file query23.cif (mmCIF, C-alpha atoms and all ligand atoms)
data_entry
loop_
_atom_site.label_atom_id
_atom_site.label_comp_id
_atom_site.auth_asym_id
_atom_site.auth_seq_id
_atom_site.Cartn_x
_atom_site.Cartn_y
_atom_site.Cartn_z
CA MET A 1 82.82 75.39 89.59
CA LYS A 2 81.74 73.25 92.54
CA LEU A 3 85.10 71.46 92.55
CA ARG A 4 86.91 74.81 92.73
CA THR A 5 84.60 76.08 95.47
CA ASP A 6 85.19 72.91 97.48
CA ARG A 7 88.95 73.28 96.95
CA VAL A 8 88.86 76.83 98.36
CA ILE A 9 86.74 75.71 101.33
CA ASP A 10 89.01 72.71 102.04
CA ARG A 11 92.07 74.97 101.94
CA LEU A 12 90.43 77.56 104.20
CA ASN A 13 89.74 74.76 106.68
CA ALA A 14 93.29 73.41 106.38
CA LEU A 15 94.76 76.87 107.08
CA GLY A 16 92.21 77.47 109.84
CA ALA A 17 93.48 74.33 111.59
CA ILE A 18 97.00 75.80 111.86
CA SER A 19 97.24 77.87 115.03
CA ASP A 20 99.56 78.67 117.93
CA SER A 21 96.59 78.27 120.29
CA GLU A 22 94.77 75.11 121.24
CA ASN A 23 91.19 76.31 120.90
CA CYS A 24 91.19 79.27 118.54
CA ILE A 25 92.79 80.54 115.32
CA ASN A 26 95.90 82.53 116.25
CA ARG A 27 98.75 83.05 113.76
CA ALA A 28 100.73 86.13 114.77
CA TYR A 29 103.70 87.16 112.67
CA GLY A 30 106.83 84.98 112.90
CA THR A 31 105.41 82.20 115.07
CA LYS A 32 105.52 78.44 114.45
CA ALA A 33 101.96 78.35 113.12
CA HIS A 34 102.63 81.39 110.96
CA ALA A 35 105.61 79.63 109.35
CA ALA A 36 103.65 76.38 108.91
CA SER A 37 100.78 78.18 107.18
CA GLY A 38 103.29 79.90 104.89
CA ASP A 39 104.75 76.50 103.98
CA LEU A 40 101.29 75.16 103.13
CA LEU A 41 100.53 78.16 100.92
CA MET A 42 103.85 77.66 99.16
CA THR A 43 103.00 74.03 98.34
CA TRP A 44 99.62 75.08 96.90
CA MET A 45 101.34 77.77 94.82
CA GLN A 46 103.83 75.19 93.50
CA LYS A 47 100.99 72.74 92.81
CA VAL A 48 99.28 75.25 90.51
CA GLY A 49 102.58 75.82 88.69
CA LEU A 50 103.88 79.08 90.14
CA GLN A 51 107.57 79.85 90.67
CA THR A 52 107.66 80.36 94.42
CA HIS A 53 109.89 81.80 97.10
CA ARG A 54 109.66 83.16 100.63
CA ASP A 55 111.21 86.64 100.93
CA THR A 56 113.15 88.09 103.87
CA ILE A 57 110.18 89.24 105.90
CA GLY A 58 108.25 86.06 105.15
CA ASN A 59 105.96 87.01 102.24
CA ILE A 60 105.20 83.91 100.16
CA LYS A 61 105.48 84.85 96.50
CA GLY A 62 104.29 82.87 93.49
CA VAL A 63 104.92 84.13 89.94
CA LEU A 64 103.26 83.10 86.69
CA PRO A 65 105.70 84.66 84.21
CA SER A 66 104.67 86.38 81.01
CA HIS A 67 106.06 85.22 77.65
CA ALA A 68 107.38 88.79 77.26
CA ILE A 69 110.50 89.04 79.40
CA ASP A 70 110.24 92.83 79.66
CA ALA A 71 106.63 92.56 80.87
CA LYS A 72 105.56 94.42 84.00
CA HIS A 73 104.07 92.92 87.16
CA PHE A 74 100.47 92.63 88.31
CA ILE A 75 100.02 91.64 91.97
CA ILE A 76 97.14 89.72 93.49
CA GLY A 77 97.30 89.06 97.21
CA SER A 78 96.19 89.24 100.78
CA HIS A 79 97.64 88.29 104.16
CA TYR A 80 98.15 84.99 106.01
CA ASP A 81 98.70 86.28 109.51
CA THR A 82 95.65 86.58 111.79
CA VAL A 83 94.44 88.42 114.87
CA PHE A 84 94.00 86.41 118.08
CA ASP A 85 90.84 84.25 118.08
CA ALA A 86 90.33 85.01 114.39
CA GLY A 87 88.00 83.75 111.71
CA LYS A 88 89.40 81.66 108.86
CA TYR A 89 88.49 83.95 105.92
CA ASP A 90 90.19 87.28 106.79
CA GLY A 91 93.26 87.19 104.54
CA PRO A 92 93.44 83.58 103.31
CA LEU A 93 90.28 83.88 101.18
CA GLY A 94 91.95 86.56 99.03
CA ILE A 95 95.09 84.46 98.55
CA LEU A 96 93.12 81.31 97.65
CA LEU A 97 90.94 83.21 95.15
CA GLY A 98 94.20 84.42 93.59
CA LEU A 99 95.30 80.79 93.19
CA GLU A 100 91.95 79.99 91.55
CA MET A 101 92.58 82.80 89.05
CA VAL A 102 95.97 81.26 88.22
CA GLN A 103 94.30 77.85 87.77
CA TYR A 104 91.77 79.48 85.40
CA ILE A 105 94.57 81.07 83.31
CA ILE A 106 96.51 77.80 83.12
CA ASP A 107 93.40 75.74 82.25
CA LYS A 108 92.62 78.18 79.42
CA ASP A 109 96.29 78.33 78.42
CA LEU A 110 96.07 82.11 78.23
CA GLN A 111 99.07 84.20 77.15
CA MET A 112 100.10 86.49 80.02
CA PRO A 113 100.84 90.12 79.00
CA PHE A 114 102.19 90.73 82.52
CA HIS A 115 104.04 88.69 85.15
CA LEU A 116 101.27 87.66 87.54
CA ASN A 117 102.45 87.73 91.17
CA ILE A 118 100.37 86.00 93.83
CA ILE A 119 101.61 87.24 97.20
CA ALA A 120 100.63 85.96 100.64
CA PHE A 121 101.65 88.90 102.83
CA ALA A 122 103.36 87.96 106.08
CA ASP A 123 101.90 90.51 108.46
CA GLU A 124 98.93 92.75 107.78
CA GLU A 125 97.26 92.79 111.19
CA GLY A 126 100.30 94.00 113.11
CA SER A 127 98.94 92.16 116.15
CA ARG A 128 102.39 91.18 117.51
CA PHE A 129 104.33 94.44 117.04
CA ASN A 130 101.45 96.93 116.55
CA THR A 131 102.82 97.87 113.12
CA ALA A 132 100.34 97.02 110.35
CA TYR A 133 101.46 95.94 106.85
CA LEU A 134 105.01 94.69 107.59
CA GLY A 135 104.82 92.30 104.59
CA SER A 136 103.32 94.67 102.03
CA SER A 137 105.57 97.52 103.26
CA ALA A 138 108.57 95.40 102.25
CA ILE A 139 107.08 94.77 98.78
CA ALA A 140 106.34 98.47 98.35
CA GLY A 141 109.81 99.49 99.55
CA PHE A 142 108.39 101.35 102.53
CA PHE A 143 109.65 99.10 105.33
CA GLU A 144 110.95 101.33 108.15
CA LYS A 145 114.24 100.15 109.74
CA SER A 146 113.06 101.52 113.12
CA TRP A 147 110.36 98.83 113.19
CA LEU A 148 113.14 96.22 113.64
CA GLN A 149 113.63 97.37 117.25
CA ARG A 150 109.95 97.07 118.16
CA LYS A 151 109.35 94.47 120.83
CA ASP A 152 106.43 92.10 121.40
CA ASP A 153 104.83 91.43 124.81
CA GLU A 154 107.67 89.02 125.65
CA GLY A 155 110.31 91.64 124.83
CA ILE A 156 111.40 89.88 121.62
CA SER A 157 112.34 92.32 118.83
CA LEU A 158 111.10 92.10 115.25
CA GLU A 159 114.75 91.89 114.16
CA THR A 160 115.26 88.76 116.28
CA VAL A 161 112.13 87.14 114.85
CA ILE A 162 113.22 87.80 111.24
CA GLN A 163 116.74 86.49 111.93
CA LYS A 164 115.35 83.41 113.71
CA ASN A 165 113.38 82.66 110.55
CA SER A 166 116.70 82.91 108.64
CA GLY A 167 115.98 86.34 107.19
CA ILE A 168 118.81 88.85 106.78
CA CYS A 169 117.22 92.19 107.67
CA SER A 170 119.48 94.16 105.36
CA ASN A 171 117.93 92.26 102.41
CA ILE A 172 114.38 93.50 103.08
CA ASP A 173 114.63 96.45 100.70
CA SER A 174 115.85 94.25 97.84
CA ASP A 175 112.57 92.29 98.01
CA SER A 176 110.55 95.32 96.84
CA ILE A 177 108.88 95.72 93.44
CA SER A 178 109.47 99.15 91.90
CA LYS A 179 106.63 101.51 90.96
CA GLU A 180 107.85 101.54 87.34
CA ASN A 181 107.52 97.77 87.21
CA CYS A 182 104.08 97.39 88.70
CA ILE A 183 100.85 97.92 86.70
CA GLY A 184 98.28 97.09 89.33
CA TYR A 185 97.03 95.24 92.38
CA PHE A 186 93.90 93.29 93.19
CA GLU A 187 92.71 91.99 96.56
CA ALA A 188 89.53 90.06 97.28
CA HIS A 189 88.56 90.31 100.95
CA ILE A 190 85.56 89.76 103.19
CA GLU A 191 83.69 93.00 103.83
CA GLN A 192 83.95 92.67 107.62
CA GLY A 193 80.82 94.82 107.86
CA PRO A 194 77.03 94.54 107.36
CA VAL A 195 76.41 96.37 104.06
CA LEU A 196 76.41 93.37 101.68
CA CYS A 197 74.15 91.44 104.08
CA ASN A 198 71.73 94.36 104.32
CA GLU A 199 71.79 94.82 100.53
CA ASN A 200 71.54 91.06 99.94
CA LEU A 201 74.53 91.08 97.56
CA SER A 202 77.36 88.52 97.32
CA VAL A 203 80.05 91.03 96.33
CA CYS A 204 80.70 94.70 95.65
CA LEU A 205 83.45 97.12 94.63
CA VAL A 206 85.59 99.00 97.13
CA ASN A 207 85.99 102.68 96.27
CA GLY A 208 88.50 103.59 98.97
CA ILE A 209 90.21 102.65 102.25
CA ALA A 210 90.04 104.82 105.36
CA SER A 211 93.08 106.57 106.79
CA GLN A 212 94.34 105.07 110.03
CA THR A 213 96.54 106.24 112.90
CA ARG A 214 97.92 103.84 115.54
CA VAL A 215 99.34 105.25 118.79
CA ASP A 216 101.07 103.56 121.74
CA VAL A 217 99.95 105.41 124.91
CA HIS A 218 101.79 104.92 128.24
CA TRP A 219 100.61 106.26 131.60
CA THR A 220 103.08 106.25 134.53
CA GLY A 221 101.80 107.03 138.05
CA ILE A 222 102.94 105.54 141.36
CA SER A 223 102.19 101.97 142.35
CA GLY A 224 101.31 101.54 146.01
CA HIS A 225 99.54 99.48 148.62
CA ALA A 226 95.84 99.15 147.77
CA GLY A 227 94.98 98.92 151.46
CA THR A 228 96.80 101.84 152.91
CA TYR A 229 97.13 104.58 150.32
CA PRO A 230 94.41 107.29 150.66
CA MET A 231 92.27 107.73 147.52
CA ASN A 232 92.90 111.48 147.22
CA HIS A 233 96.68 111.07 147.15
CA ARG A 234 96.92 108.41 144.49
CA ASN A 235 98.54 108.67 141.06
CA ASP A 236 96.62 105.74 139.69
CA ALA A 237 97.72 105.00 136.10
CA LEU A 238 94.68 102.83 135.39
CA CYS A 239 92.18 105.53 136.40
CA ALA A 240 93.98 107.99 134.11
CA ALA A 241 93.80 105.50 131.23
CA ALA A 242 90.16 104.73 132.03
CA GLU A 243 89.22 108.42 131.95
CA PHE A 244 91.00 108.72 128.61
CA ALA A 245 89.24 105.60 127.29
CA LEU A 246 85.87 107.28 127.91
CA VAL A 247 87.10 110.36 126.03
CA VAL A 248 88.10 108.12 123.09
CA GLU A 249 84.64 106.52 123.10
CA SER A 250 82.74 109.81 123.39
CA ILE A 251 84.64 111.51 120.54
CA GLY A 252 83.96 108.46 118.35
CA LYS A 253 80.23 108.70 119.17
CA GLU A 254 80.21 112.47 118.65
CA TYR A 255 81.52 112.05 115.06
CA ASP A 256 79.84 108.70 114.55
CA GLU A 257 79.41 109.17 110.76
CA LYS A 258 83.05 109.87 110.02
CA LEU A 259 85.23 108.45 112.80
CA VAL A 260 85.96 105.21 114.60
CA SER A 261 88.19 105.24 117.70
CA THR A 262 89.28 102.14 119.62
CA ILE A 263 91.51 101.10 122.49
CA GLY A 264 91.98 97.44 121.64
CA LYS A 265 94.90 96.38 123.81
CA LEU A 266 95.74 97.42 127.38
CA ASN A 267 98.39 96.20 129.85
CA VAL A 268 98.29 97.08 133.56
CA ILE A 269 101.61 97.01 135.44
CA PRO A 270 102.17 95.32 137.88
CA ASN A 271 98.64 93.92 137.30
CA THR A 272 98.33 92.67 140.88
CA PRO A 273 95.07 92.65 142.90
CA ASN A 274 96.37 94.58 145.93
CA VAL A 275 98.65 97.07 144.14
CA ILE A 276 97.60 100.47 142.82
CA PRO A 277 98.50 100.36 139.09
CA GLY A 278 101.77 102.22 138.58
CA LYS A 279 101.80 101.89 134.79
CA VAL A 280 99.32 101.30 132.02
CA GLU A 281 100.27 100.80 128.36
CA HIS A 282 97.55 100.73 125.70
CA THR A 283 97.00 101.18 122.00
CA LEU A 284 94.81 103.76 120.26
CA ASP A 285 93.39 103.12 116.77
CA ILE A 286 91.56 106.00 115.03
CA ARG A 287 90.22 105.96 111.46
CA SER A 288 88.35 108.17 109.03
CA LEU A 289 87.91 108.57 105.28
CA ASP A 290 88.76 112.26 105.82
CA ASP A 291 92.55 112.54 106.29
CA LYS A 292 92.59 116.17 107.48
CA PHE A 293 89.81 115.48 110.00
CA LEU A 294 91.70 112.44 111.35
CA THR A 295 94.83 114.53 111.90
CA GLU A 296 92.75 117.05 113.87
CA ILE A 297 91.14 114.27 115.96
CA GLY A 298 94.61 112.88 116.73
CA GLN A 299 95.68 116.31 117.99
CA ILE A 300 92.48 116.75 120.07
CA LEU A 301 92.92 113.34 121.70
CA GLU A 302 96.58 114.00 122.47
CA GLN A 303 95.61 117.33 124.04
CA ARG A 304 92.91 115.68 126.17
CA ALA A 305 95.41 113.02 127.27
CA LYS A 306 97.84 115.76 128.34
CA GLU A 307 95.09 117.45 130.39
CA ILE A 308 94.28 114.16 132.17
CA SER A 309 97.99 113.56 132.75
CA LYS A 310 98.32 117.00 134.37
CA GLN A 311 95.15 116.77 136.49
CA ARG A 312 96.07 113.34 137.81
CA ASN A 313 99.83 113.89 138.00
CA VAL A 314 100.37 110.76 135.90
CA LYS A 315 103.14 110.94 133.29
CA LEU A 316 102.05 110.48 129.65
CA VAL A 317 103.97 109.10 126.69
CA TRP A 318 102.18 109.50 123.32
CA ASN A 319 103.98 107.51 120.66
CA ILE A 320 102.51 107.63 117.14
CA MET A 321 103.35 104.23 115.69
CA GLN A 322 101.94 104.52 112.23
CA THR A 323 99.78 106.83 110.14
CA ASN A 324 98.43 105.75 106.76
CA THR A 325 96.47 108.23 104.67
CA SER A 326 93.27 107.13 102.91
CA VAL A 327 93.54 105.36 99.56
CA GLN A 328 91.31 105.70 96.48
CA CYS A 329 90.86 102.60 94.29
CA ASP A 330 91.80 102.91 90.62
CA LYS A 331 89.05 103.87 88.13
CA ASN A 332 90.20 101.58 85.33
CA LEU A 333 90.62 98.53 87.57
CA LYS A 334 87.21 99.26 89.13
CA ARG A 335 85.76 99.31 85.60
CA CYS A 336 87.31 95.90 84.83
CA LEU A 337 86.04 94.54 88.14
CA LYS A 338 82.55 95.94 87.52
CA ILE A 339 82.48 94.12 84.18
CA GLY A 340 83.58 90.97 86.01
CA ILE A 341 80.75 91.33 88.52
CA GLU A 342 78.11 92.05 85.86
CA LYS A 343 79.25 89.09 83.73
CA ALA A 344 78.69 86.93 86.81
CA GLY A 345 75.04 87.98 86.72
CA ILE A 346 75.10 90.67 89.42
CA HIS A 347 73.64 93.81 87.87
CA ARG A 348 73.45 96.00 90.94
CA VAL A 349 77.13 96.83 91.49
CA LEU A 350 77.60 98.73 94.73
CA GLU A 351 80.74 100.71 95.61
CA ILE A 352 81.54 101.13 99.31
CA PRO A 353 84.52 102.42 101.35
CA SER A 354 86.56 100.14 103.58
CA GLY A 355 86.88 101.11 107.25
CA ALA A 356 89.22 98.15 107.62
CA GLY A 357 92.83 98.50 106.53
CA HIS A 358 94.24 96.15 103.89
CA ASP A 359 97.59 95.45 102.21
CA ALA A 360 96.21 97.49 99.30
CA VAL A 361 97.03 100.56 101.43
CA MET A 362 100.76 99.82 101.20
CA ILE A 363 100.72 98.51 97.61
CA SER A 364 98.92 101.71 96.53
CA LYS A 365 102.33 103.41 96.94
CA ILE A 366 103.63 101.47 93.92
CA ALA A 367 100.52 100.61 91.88
CA PRO A 368 96.88 101.43 91.16
CA VAL A 369 94.80 99.20 93.44
CA SER A 370 91.42 97.46 93.34
CA MET A 371 89.47 95.45 95.87
CA LEU A 372 86.47 93.14 95.78
CA PHE A 373 84.40 92.83 98.95
CA ILE A 374 82.74 89.50 99.67
CA ARG A 375 79.72 89.16 101.96
CA CYS A 376 80.41 87.64 105.37
CA LYS A 377 77.58 86.50 107.66
CA ASP A 378 76.17 89.36 109.74
CA GLY A 379 79.30 91.35 108.86
CA ILE A 380 81.16 89.53 111.64
CA SER A 381 84.99 89.39 111.46
CA HIS A 382 88.02 89.23 113.78
CA ASN A 383 85.86 86.60 115.44
CA PRO A 384 85.60 82.79 115.09
CA LEU A 385 81.99 83.27 113.92
CA GLU A 386 83.33 84.81 110.68
CA TYR A 387 81.64 82.90 107.81
CA VAL A 388 81.21 83.03 104.01
CA THR A 389 78.67 80.76 102.30
CA PRO A 390 79.81 78.30 99.58
CA GLU A 391 77.46 80.15 97.19
CA ASP A 392 79.25 83.46 97.80
CA ILE A 393 82.65 81.77 97.40
CA GLU A 394 81.50 80.27 94.10
CA LYS A 395 80.23 83.68 92.92
CA SER A 396 83.54 85.30 93.94
CA ILE A 397 85.51 82.73 91.91
CA GLU A 398 83.35 83.52 88.87
CA VAL A 399 83.84 87.29 89.34
CA CYS A 400 87.61 86.83 89.73
CA ASP A 401 87.81 84.71 86.55
CA ASN A 402 85.92 87.38 84.61
CA PHE A 403 88.10 90.13 86.11
CA ILE A 404 91.43 88.53 85.21
CA MET A 405 90.11 87.77 81.70
CA GLU A 406 89.15 91.45 81.30
CA LEU A 407 92.55 92.52 82.54
CA ILE A 408 94.45 90.20 80.19
CA ASN A 409 92.38 91.33 77.19
CA GLN A 410 92.99 94.95 78.12
CA ASN A 411 96.77 94.41 78.31
CA ASN A 412 97.24 92.19 75.29
O1 LIG B 501 92.73 96.56 111.43
C1 LIG B 501 92.37 96.39 110.27
O2 LIG B 501 91.69 97.21 109.72
C2 LIG B 501 92.77 95.17 109.51
O3 LIG B 501 91.95 94.11 109.89
N1 LIG B 501 94.14 94.85 109.76
MN MN B 502 92.35 91.36 106.49
MN MN B 503 91.95 91.65 109.85
#
call {"tool": "encode", "arguments": {"input": "query23.cif", "output": "structure tokens", "more": "lines below"}}
Ligand code: HGY
Ligand code: MN
Ligand code: MN
result
Amino acid sequence: MKLRTDRVIDRLNALGAISDSENCINRAYGTKAHAASGDLLMTWMQKVGLQTHRDTIGNIKGVLPSHAIDAKHFIIGSHYDTVFDAGKYDGPLGILLGLEMVQYIIDKDLQMPFHLNIIAFADEEGSRFNTAYLGSSAIAGFFEKSWLQRKDDEGISLETVIQKNSGICSNIDSDSISKENCIGYFEAHIEQGPVLCNENLSVCLVNGIASQTRVDVHWTGISGHAGTYPMNHRNDALCAAAEFALVVESIGKEYDEKLVSTIGKLNVIPNTPNVIPGKVEHTLDIRSLDDKFLTEIGQILEQRAKEISKQRNVKLVWNIMQTNTSVQCDKNLKRCLKIGIEKAGIHRVLEIPSGAGHDAVMISKIAPVSMLFIRCKDGISHNPLEYVTPEDIEKSIEVCDNFIMELINQNN
């Protein structure tokens, strides 16, 4: 087991060393580092004996075929893109644990009742185009053509990026796996929160994933000379956005138990010290386990933004980018995973919801899904301080072996 744990840690370090930035982990969708990390994952998939290929959008797929040609598919995966200044576990750990499960099956020479697909999804974070789940949307057959025209901060469209990486956009739909052909999905992922640390547990079950709405918000006022324009006559786009940002924070605090609301990215235009900001473009990310409540909060925030726009005479554009409803994890797969956790000697099996989004959200459209959460130090993630101990990695490998064994027995 130590050899396998060391292999996962070595591979996490190897992937963590691939970045588009000098001094932090940064692998946004479609960049040089993103492609290089995909290549490395493909070689590891081939090394363990999987039939591999990179699909149109850049998912790296490895298949361990069943002896039964009419067998259905089971998918294990996570993502290989990262946020800016990321940790090295968010995404890759789930892919590498999937490869360890394949190694376990091959070492035991087990007969596969289903085609086992290990998929490294190309874009889960959506950090370049503010559209989460590009990779898993393509697998689920829910890729939206309109996303192709979305542009990154340099004005490069998603379509251009896919074509540059020799993808033919019209092929994206043919990469999907149909609902009829898919029997389930499993993703191991760091918790990215403090519960497992507080409970002193290595792993736990995920019972559901929160619903999430992402909005692009644009404020357009009038840029002007910072030295001459009287304060009471300004249409300052940044002050409008700032007032709205405090509304976003206060509503999140008001419903602290059931809502998180974040403005994570903000651009000021022209972003010049002696010019009154004429334009501000920012994101809005709101989440809740209660879908109906989240829709209401979205409407309240849009209404508040309209009031600020009117009071300050600053034009507002409210562009809902993506809404994903909450997802429940599958009872049977949770049962198999619980057995896997108990067989690894953990007899207190917790079930918690995920505030973070995962590719399981998209794959839930074609298959029952399951997730294993793995403790990360102080619950820190989306941060270079993200860390998982070798002991918790070893325990996760053991749980994953037990889980896949349970699944194979159930399907044979
Ligand atoms: O934003 C999220 O929840 C995930 O990390 N993409
Ligand atoms: Mn993730
Ligand atoms: Mn993430």
call {"tool": "residues_near_ligand", "arguments": {"input": "query23.cif", "ligand": "ligand LIG 501 (chain B)", "cutoff": "8 Å", "atoms": "all atoms listed in the file", "output": "list in words"}}
result
Val83, Asp90, Glu124, Glu125, Gly126, Ala132, Tyr133, Gly355, Ala356, Gly357, His358 and His382 of chain A
call {"tool": "residues_near_ligand", "arguments": {"input": "query23.cif", "ligand": "ligand MN 503 (chain B)", "cutoff": "12 Å", "atoms": "only C-alpha atoms and all ligand atoms", "output": "PyMOL selection string"}}
result
chain A and resi 26-28+78-94+123-127+132-133+189-193+354-359+380-383+386
call {"tool": "write_last_selection", "arguments": {"input": "query23.cif", "atoms": "C-alpha atoms", "output": "mmCIF file, in the frame of the given file"}}
result
data_model
loop_
_atom_site.group_PDB
_atom_site.id
_atom_site.type_symbol
_atom_site.label_atom_id
_atom_site.label_comp_id
_atom_site.auth_asym_id
_atom_site.auth_seq_id
_atom_site.Cartn_x
_atom_site.Cartn_y
_atom_site.Cartn_z
ATOM 1 C CA ASN A 26 95.900 82.530 116.250
ATOM 2 C CA ARG A 27 98.750 83.050 113.760
ATOM 3 C CA ALA A 28 100.730 86.130 114.770
ATOM 4 C CA SER A 78 96.190 89.240 100.780
ATOM 5 C CA HIS A 79 97.640 88.290 104.160
ATOM 6 C CA TYR A 80 98.150 84.990 106.010
ATOM 7 C CA ASP A 81 98.700 86.280 109.510
ATOM 8 C CA THR A 82 95.650 86.580 111.790
ATOM 9 C CA VAL A 83 94.440 88.420 114.870
ATOM 10 C CA PHE A 84 94.000 86.410 118.080
ATOM 11 C CA ASP A 85 90.840 84.250 118.080
ATOM 12 C CA ALA A 86 90.330 85.010 114.390
ATOM 13 C CA GLY A 87 88.000 83.750 111.710
ATOM 14 C CA LYS A 88 89.400 81.660 108.860
ATOM 15 C CA TYR A 89 88.490 83.950 105.920
ATOM 16 C CA ASP A 90 90.190 87.280 106.790
ATOM 17 C CA GLY A 91 93.260 87.190 104.540
ATOM 18 C CA PRO A 92 93.440 83.580 103.310
ATOM 19 C CA LEU A 93 90.280 83.880 101.180
ATOM 20 C CA GLY A 94 91.950 86.560 99.030
ATOM 21 C CA ASP A 123 101.900 90.510 108.460
ATOM 22 C CA GLU A 124 98.930 92.750 107.780
ATOM 23 C CA GLU A 125 97.260 92.790 111.190
ATOM 24 C CA GLY A 126 100.300 94.000 113.110
ATOM 25 C CA SER A 127 98.940 92.160 116.150
ATOM 26 C CA ALA A 132 100.340 97.020 110.350
ATOM 27 C CA TYR A 133 101.460 95.940 106.850
ATOM 28 C CA HIS A 189 88.560 90.310 100.950
ATOM 29 C CA ILE A 190 85.560 89.760 103.190
ATOM 30 C CA GLU A 191 83.690 93.000 103.830
ATOM 31 C CA GLN A 192 83.950 92.670 107.620
ATOM 32 C CA GLY A 193 80.820 94.820 107.860
ATOM 33 C CA SER A 354 86.560 100.140 103.580
ATOM 34 C CA GLY A 355 86.880 101.110 107.250
ATOM 35 C CA ALA A 356 89.220 98.150 107.620
ATOM 36 C CA GLY A 357 92.830 98.500 106.530
ATOM 37 C CA HIS A 358 94.240 96.150 103.890
ATOM 38 C CA ASP A 359 97.590 95.450 102.210
ATOM 39 C CA ILE A 380 81.160 89.530 111.640
ATOM 40 C CA SER A 381 84.990 89.390 111.460
ATOM 41 C CA HIS A 382 88.020 89.230 113.780
ATOM 42 C CA ASN A 383 85.860 86.600 115.440
ATOM 43 C CA GLU A 386 83.330 84.810 110.680
#
call {"tool": "residues_around", "arguments": {"input": "query23.cif", "residues": "Leu41 of chain A", "least_positions_apart": "4", "cutoff": "8 Å", "atoms": "only C-alpha atoms", "output": "ChimeraX atom specification"}}
result
/A:37,45,60,120
call {"tool": "write_last_selection", "arguments": {"input": "query23.cif", "atoms": "C-alpha atoms", "output": "PDB file, in the coordinates of the input"}}
result
ATOM      1  CA  SER A  37     100.780  78.180 107.180  1.00  0.00           C
ATOM      2  CA  MET A  45     101.340  77.770  94.820  1.00  0.00           C
ATOM      3  CA  ILE A  60     105.200  83.910 100.160  1.00  0.00           C
ATOM      4  CA  ALA A 120     100.630  85.960 100.640  1.00  0.00           C
TER       5      ALA A 120
END
call {"tool": "closest_residue", "arguments": {"input": "query23.cif", "among": "A:Val203, A:Val247, A:Ile363, A:Ile222", "to": "Gly340 of chain A", "atoms": "only C-alpha atoms"}}
result
A:Val203
call {"tool": "closest_residue", "arguments": {"input": "query23.cif", "among": "A:Leu246, A:Leu15, A:Ile119, A:Cys336", "to": "Ile404 of chain A", "atoms": "all atoms listed in the file"}}
result
A:Cys336
call {"tool": "atom_distance", "arguments": {"input": "query23.cif", "atom1": "atom CA of Asn332 of chain A", "atom2": "atom CA of Lys61 of chain A"}}
result
25.3 Å
call {"tool": "closest_residue", "arguments": {"input": "query23.cif", "among": "A:Ile276, A:Leu201, A:Ala360, A:Ala367", "to": "ligand MN 502 (chain B)", "atoms": "all atoms listed in the file"}}
result
A:Ala360
call {"tool": "closest_residue", "arguments": {"input": "query23.cif", "among": "A:Met371, A:Ile286, A:Leu110, A:Leu385", "to": "Asn409 of chain A", "atoms": "only C-alpha atoms"}}
result
A:Leu110
call {"tool": "atom_distance", "arguments": {"input": "query23.cif", "atom1": "atom CA of Leu259 of chain A", "atom2": "atom CA of Arg214 of chain A"}}
result
13.8 Å
call {"tool": "closest_residue", "arguments": {"input": "query23.cif", "among": "A:Ile9, A:Cys169, A:Ala210, A:Ile75", "to": "Thr56 of chain A", "atoms": "all atoms listed in the file"}}
result
A:Cys169
call {"tool": "atom_distance", "arguments": {"input": "query23.cif", "atom1": "atom CA of Ala122 of chain A", "atom2": "atom CA of Ile57 of chain A"}}
result
6.9 Å
call {"tool": "closest_residue", "arguments": {"input": "query23.cif", "among": "A:Val369, A:Ile374, A:Val195, A:Met1", "to": "ligand MN 502 (chain B)", "atoms": "all atoms listed in the file"}}
result
A:Ile374
call {"tool": "decode", "arguments": {"input": "query23.cif", "residues": "segment 139-147 of chain A", "atoms": "N, CA and C atoms", "output": "compact mmCIF listing (two decimals), in the first residue's frame"}}
result
# COMPACT_ATOMS: atom_id res chain seq x y z
N ILE A 139 -19.41 15.16 -22.03
CA ILE A 139 -19.63 13.71 -21.79
C ILE A 139 -21.11 13.43 -21.56
N ALA A 140 -21.78 14.37 -20.90
CA ALA A 140 -23.20 14.18 -20.58
C ALA A 140 -24.12 14.57 -21.74
N GLY A 141 -23.52 15.18 -22.78
CA GLY A 141 -24.35 15.61 -23.92
C GLY A 141 -25.10 16.90 -23.64
N PHE A 142 -24.58 17.67 -22.71
CA PHE A 142 -25.25 18.94 -22.35
C PHE A 142 -24.38 20.15 -22.64
N PHE A 143 -23.44 19.98 -23.60
CA PHE A 143 -22.58 21.13 -23.95
C PHE A 143 -23.43 22.13 -24.73
N GLU A 144 -23.39 23.39 -24.34
CA GLU A 144 -24.23 24.40 -25.02
C GLU A 144 -23.40 25.13 -26.09
N LYS A 145 -23.86 25.08 -27.35
CA LYS A 145 -23.14 25.69 -28.48
C LYS A 145 -22.83 27.17 -28.20
N SER A 146 -23.72 27.84 -27.45
CA SER A 146 -23.50 29.29 -27.22
C SER A 146 -22.22 29.54 -26.43
N TRP A 147 -21.77 28.53 -25.67
CA TRP A 147 -20.54 28.71 -24.89
C TRP A 147 -19.35 28.92 -25.82
